[in-house]
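Before any comments, here is the structure.
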Amino acid sequence: QVQPVESGGGSVQAGDSLRLSCAASGRTSRPYAMGWFRQAPGKEREFVAAISWSVDITYISDSVKGRFTISRDNAKNTVSLQMNSLKPEDTAVYYCAAARWPISTAAMVRPHEYDRWGQGTQVTVSS
């Protein structure tokens, strides 16, 4: 089974950059799509970005568009989230998720469309 494993979180200052990586480990075939979500204390899980493995589809939340980019490395089976110009409001636990079966672009923002989740990695941005 596909099991996402995140890495790359940490504590930074506002304006700094971080790069999160997610390895889609497992012996089964590559999932259809991988997504990044985040959850701040007391808030619901929020969609950040998603990318399809097999077709040229990426989807970025308006809240991070222009600052965050998502990319994939097919050879390494990893998905990365490059986060630039970080703000204190970006502080959250960031989760990587895998959708094993095809989903629509519109569905990529919905957490329940993903059936495998990583443990999460903390990102803290101080002002």
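Scheme for the structure tokens: letters A, B, ... for chains in order shown; per-chain residue numbers from 1; ligand numbers from 1 in order shown.
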DSSP-assigned helix (DSSP H, G or I) members of stretch 62-124 of chain A, reported as a VMD selection string: chain A and resid 88 to 90 106 to 109 111 to 113
Just want the 12 Å neighbourhood of stretch 104-106 of chain A, counted on only C-alpha atoms, with same-chain residues fewer than 3 positions away dropped. Output as a ChimeraX atom specification. /A:32-35,47,49-52,55-61,99,101,109-111,113-114
Restricted to N, CA and C atoms, what would the selected residues look like written as a PDB file, in the first residue's frame?
ATOM      1  N   TYR A  32      -2.828   8.170  -7.877  1.00  0.00           N
ATOM      2  CA  TYR A  32      -3.254   9.088  -8.928  1.00  0.00           C
ATOM      3  C   TYR A  32      -2.775  10.503  -8.638  1.00  0.00           C
ATOM      4  N   ALA A  33      -2.924  10.925  -7.390  1.00  0.00           N
ATOM      5  CA  ALA A  33      -2.584  12.295  -7.021  1.00  0.00           C
ATOM      6  C   ALA A  33      -2.047  12.343  -5.598  1.00  0.00           C
ATOM      7  N   MET A  34      -1.262  13.371  -5.346  1.00  0.00           N
ATOM      8  CA  MET A  34      -0.773  13.637  -3.991  1.00  0.00           C
ATOM      9  C   MET A  34      -1.150  15.057  -3.620  1.00  0.00           C
ATOM     10  N   GLY A  35      -1.538  15.237  -2.386  1.00  0.00           N
ATOM     11  CA  GLY A  35      -1.935  16.561  -1.940  1.00  0.00           C
ATOM     12  C   GLY A  35      -1.241  16.949  -0.649  1.00  0.00           C
ATOM     13  N   PHE A  47      -6.820  22.688   2.601  1.00  0.00           N
ATOM     14  CA  PHE A  47      -6.107  22.302   1.382  1.00  0.00           C
ATOM     15  C   PHE A  47      -5.030  23.338   1.062  1.00  0.00           C
ATOM     16  N   ALA A  49      -2.159  22.336  -1.642  1.00  0.00           N
ATOM     17  CA  ALA A  49      -1.761  22.108  -3.040  1.00  0.00           C
ATOM     18  C   ALA A  49      -1.899  20.633  -3.366  1.00  0.00           C
ATOM     19  N   ALA A  50      -2.025  20.349  -4.653  1.00  0.00           N
ATOM     20  CA  ALA A  50      -2.114  18.962  -5.100  1.00  0.00           C
ATOM     21  C   ALA A  50      -1.507  18.837  -6.483  1.00  0.00           C
ATOM     22  N   ILE A  51      -1.085  17.626  -6.782  1.00  0.00           N
ATOM     23  CA  ILE A  51      -0.487  17.356  -8.088  1.00  0.00           C
ATOM     24  C   ILE A  51      -0.833  15.942  -8.494  1.00  0.00           C
ATOM     25  N   SER A  52      -1.061  15.770  -9.770  1.00  0.00           N
ATOM     26  CA  SER A  52      -1.315  14.440 -10.301  1.00  0.00           C
ATOM     27  C   SER A  52      -0.003  13.811 -10.746  1.00  0.00           C
ATOM     28  N   VAL A  55      -0.875  12.903 -15.087  1.00  0.00           N
ATOM     29  CA  VAL A  55      -1.267  13.957 -16.021  1.00  0.00           C
ATOM     30  C   VAL A  55      -0.750  15.279 -15.480  1.00  0.00           C
ATOM     31  N   ASP A  56      -0.706  16.267 -16.348  1.00  0.00           N
ATOM     32  CA  ASP A  56      -0.099  17.541 -15.989  1.00  0.00           C
ATOM     33  C   ASP A  56      -1.121  18.431 -15.280  1.00  0.00           C
ATOM     34  N   ILE A  57      -1.427  18.069 -14.048  1.00  0.00           N
ATOM     35  CA  ILE A  57      -2.396  18.835 -13.273  1.00  0.00           C
ATOM     36  C   ILE A  57      -1.773  19.214 -11.943  1.00  0.00           C
ATOM     37  N   THR A  58      -1.773  20.488 -11.640  1.00  0.00           N
ATOM     38  CA  THR A  58      -1.425  20.975 -10.311  1.00  0.00           C
ATOM     39  C   THR A  58      -2.514  21.943  -9.870  1.00  0.00           C
ATOM     40  N   TYR A  59      -2.691  22.016  -8.585  1.00  0.00           N
ATOM     41  CA  TYR A  59      -3.753  22.856  -8.033  1.00  0.00           C
ATOM     42  C   TYR A  59      -3.204  23.500  -6.772  1.00  0.00           C
ATOM     43  N   ILE A  60      -3.228  24.802  -6.706  1.00  0.00           N
ATOM     44  CA  ILE A  60      -2.690  25.543  -5.574  1.00  0.00           C
ATOM     45  C   ILE A  60      -3.810  26.362  -4.952  1.00  0.00           C
ATOM     46  N   SER A  61      -3.881  26.342  -3.642  1.00  0.00           N
ATOM     47  CA  SER A  61      -4.873  27.143  -2.939  1.00  0.00           C
ATOM     48  C   SER A  61      -4.607  28.625  -3.147  1.00  0.00           C
ATOM     49  N   ALA A  99      -4.125  10.039  -3.074  1.00  0.00           N
ATOM     50  CA  ALA A  99      -5.395   9.566  -3.617  1.00  0.00           C
ATOM     51  C   ALA A  99      -5.056   8.463  -4.613  1.00  0.00           C
ATOM     52  N   TRP A 101      -6.946   6.525  -6.413  1.00  0.00           N
ATOM     53  CA  TRP A 101      -7.787   6.403  -7.604  1.00  0.00           C
ATOM     54  C   TRP A 101      -8.022   7.769  -8.219  1.00  0.00           C
ATOM     55  N   VAL A 109      -9.330  19.305  -3.566  1.00  0.00           N
ATOM     56  CA  VAL A 109      -9.287  20.157  -2.370  1.00  0.00           C
ATOM     57  C   VAL A 109      -9.966  19.503  -1.180  1.00  0.00           C
ATOM     58  N   ARG A 110     -10.628  18.385  -1.388  1.00  0.00           N
ATOM     59  CA  ARG A 110     -11.421  17.760  -0.324  1.00  0.00           C
ATOM     60  C   ARG A 110     -10.616  16.673   0.380  1.00  0.00           C
ATOM     61  N   PRO A 111     -10.380  16.787   1.673  1.00  0.00           N
ATOM     62  CA  PRO A 111      -9.570  15.792   2.387  1.00  0.00           C
ATOM     63  C   PRO A 111     -10.101  14.370   2.252  1.00  0.00           C
ATOM     64  N   GLU A 113     -11.246  12.836  -0.129  1.00  0.00           N
ATOM     65  CA  GLU A 113     -10.931  12.182  -1.408  1.00  0.00           C
ATOM     66  C   GLU A 113      -9.593  11.442  -1.342  1.00  0.00           C
ATOM     67  N   TYR A 114      -8.828  11.672  -0.300  1.00  0.00           N
ATOM     68  CA  TYR A 114      -7.518  11.046  -0.138  1.00  0.00           C
ATOM     69  C   TYR A 114      -7.636   9.907   0.857  1.00  0.00           C
TER      70      TYR A 114
END
Between atom CA of A:Arg116 and atom CA of A:Lys76, distance in Å (one decimal):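 Separation of atom CA of A:Arg116 and atom CA of A:Lys76: 18.5 Å.
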Between A:Val123, A:Cys96, A:Ile103, A:Ala40, which has the minimum distance to A:Glu6 (counting only C-alpha atoms)? A:Cys96
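Across A:Pro102, A:Pro88, A:Pro4, A:Pro41, the tightest approach to A:Ala24 is made by A:Pro4 when counting only C-alpha atoms.
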Between A:Val64, A:Ala92, A:Ala97, A:Val48, which is the closest to A:Gly9 once you count only C-alpha atoms?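 Going through A:Val64, A:Ala92, A:Ala97, A:Val48 one by one, the smallest distance to A:Gly9 is for A:Ala92.
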Could you tell me how far atom CA of A:Arg19 sits from atom CA of A:Tyr94, in Å to one decimal place? 11.4 Å
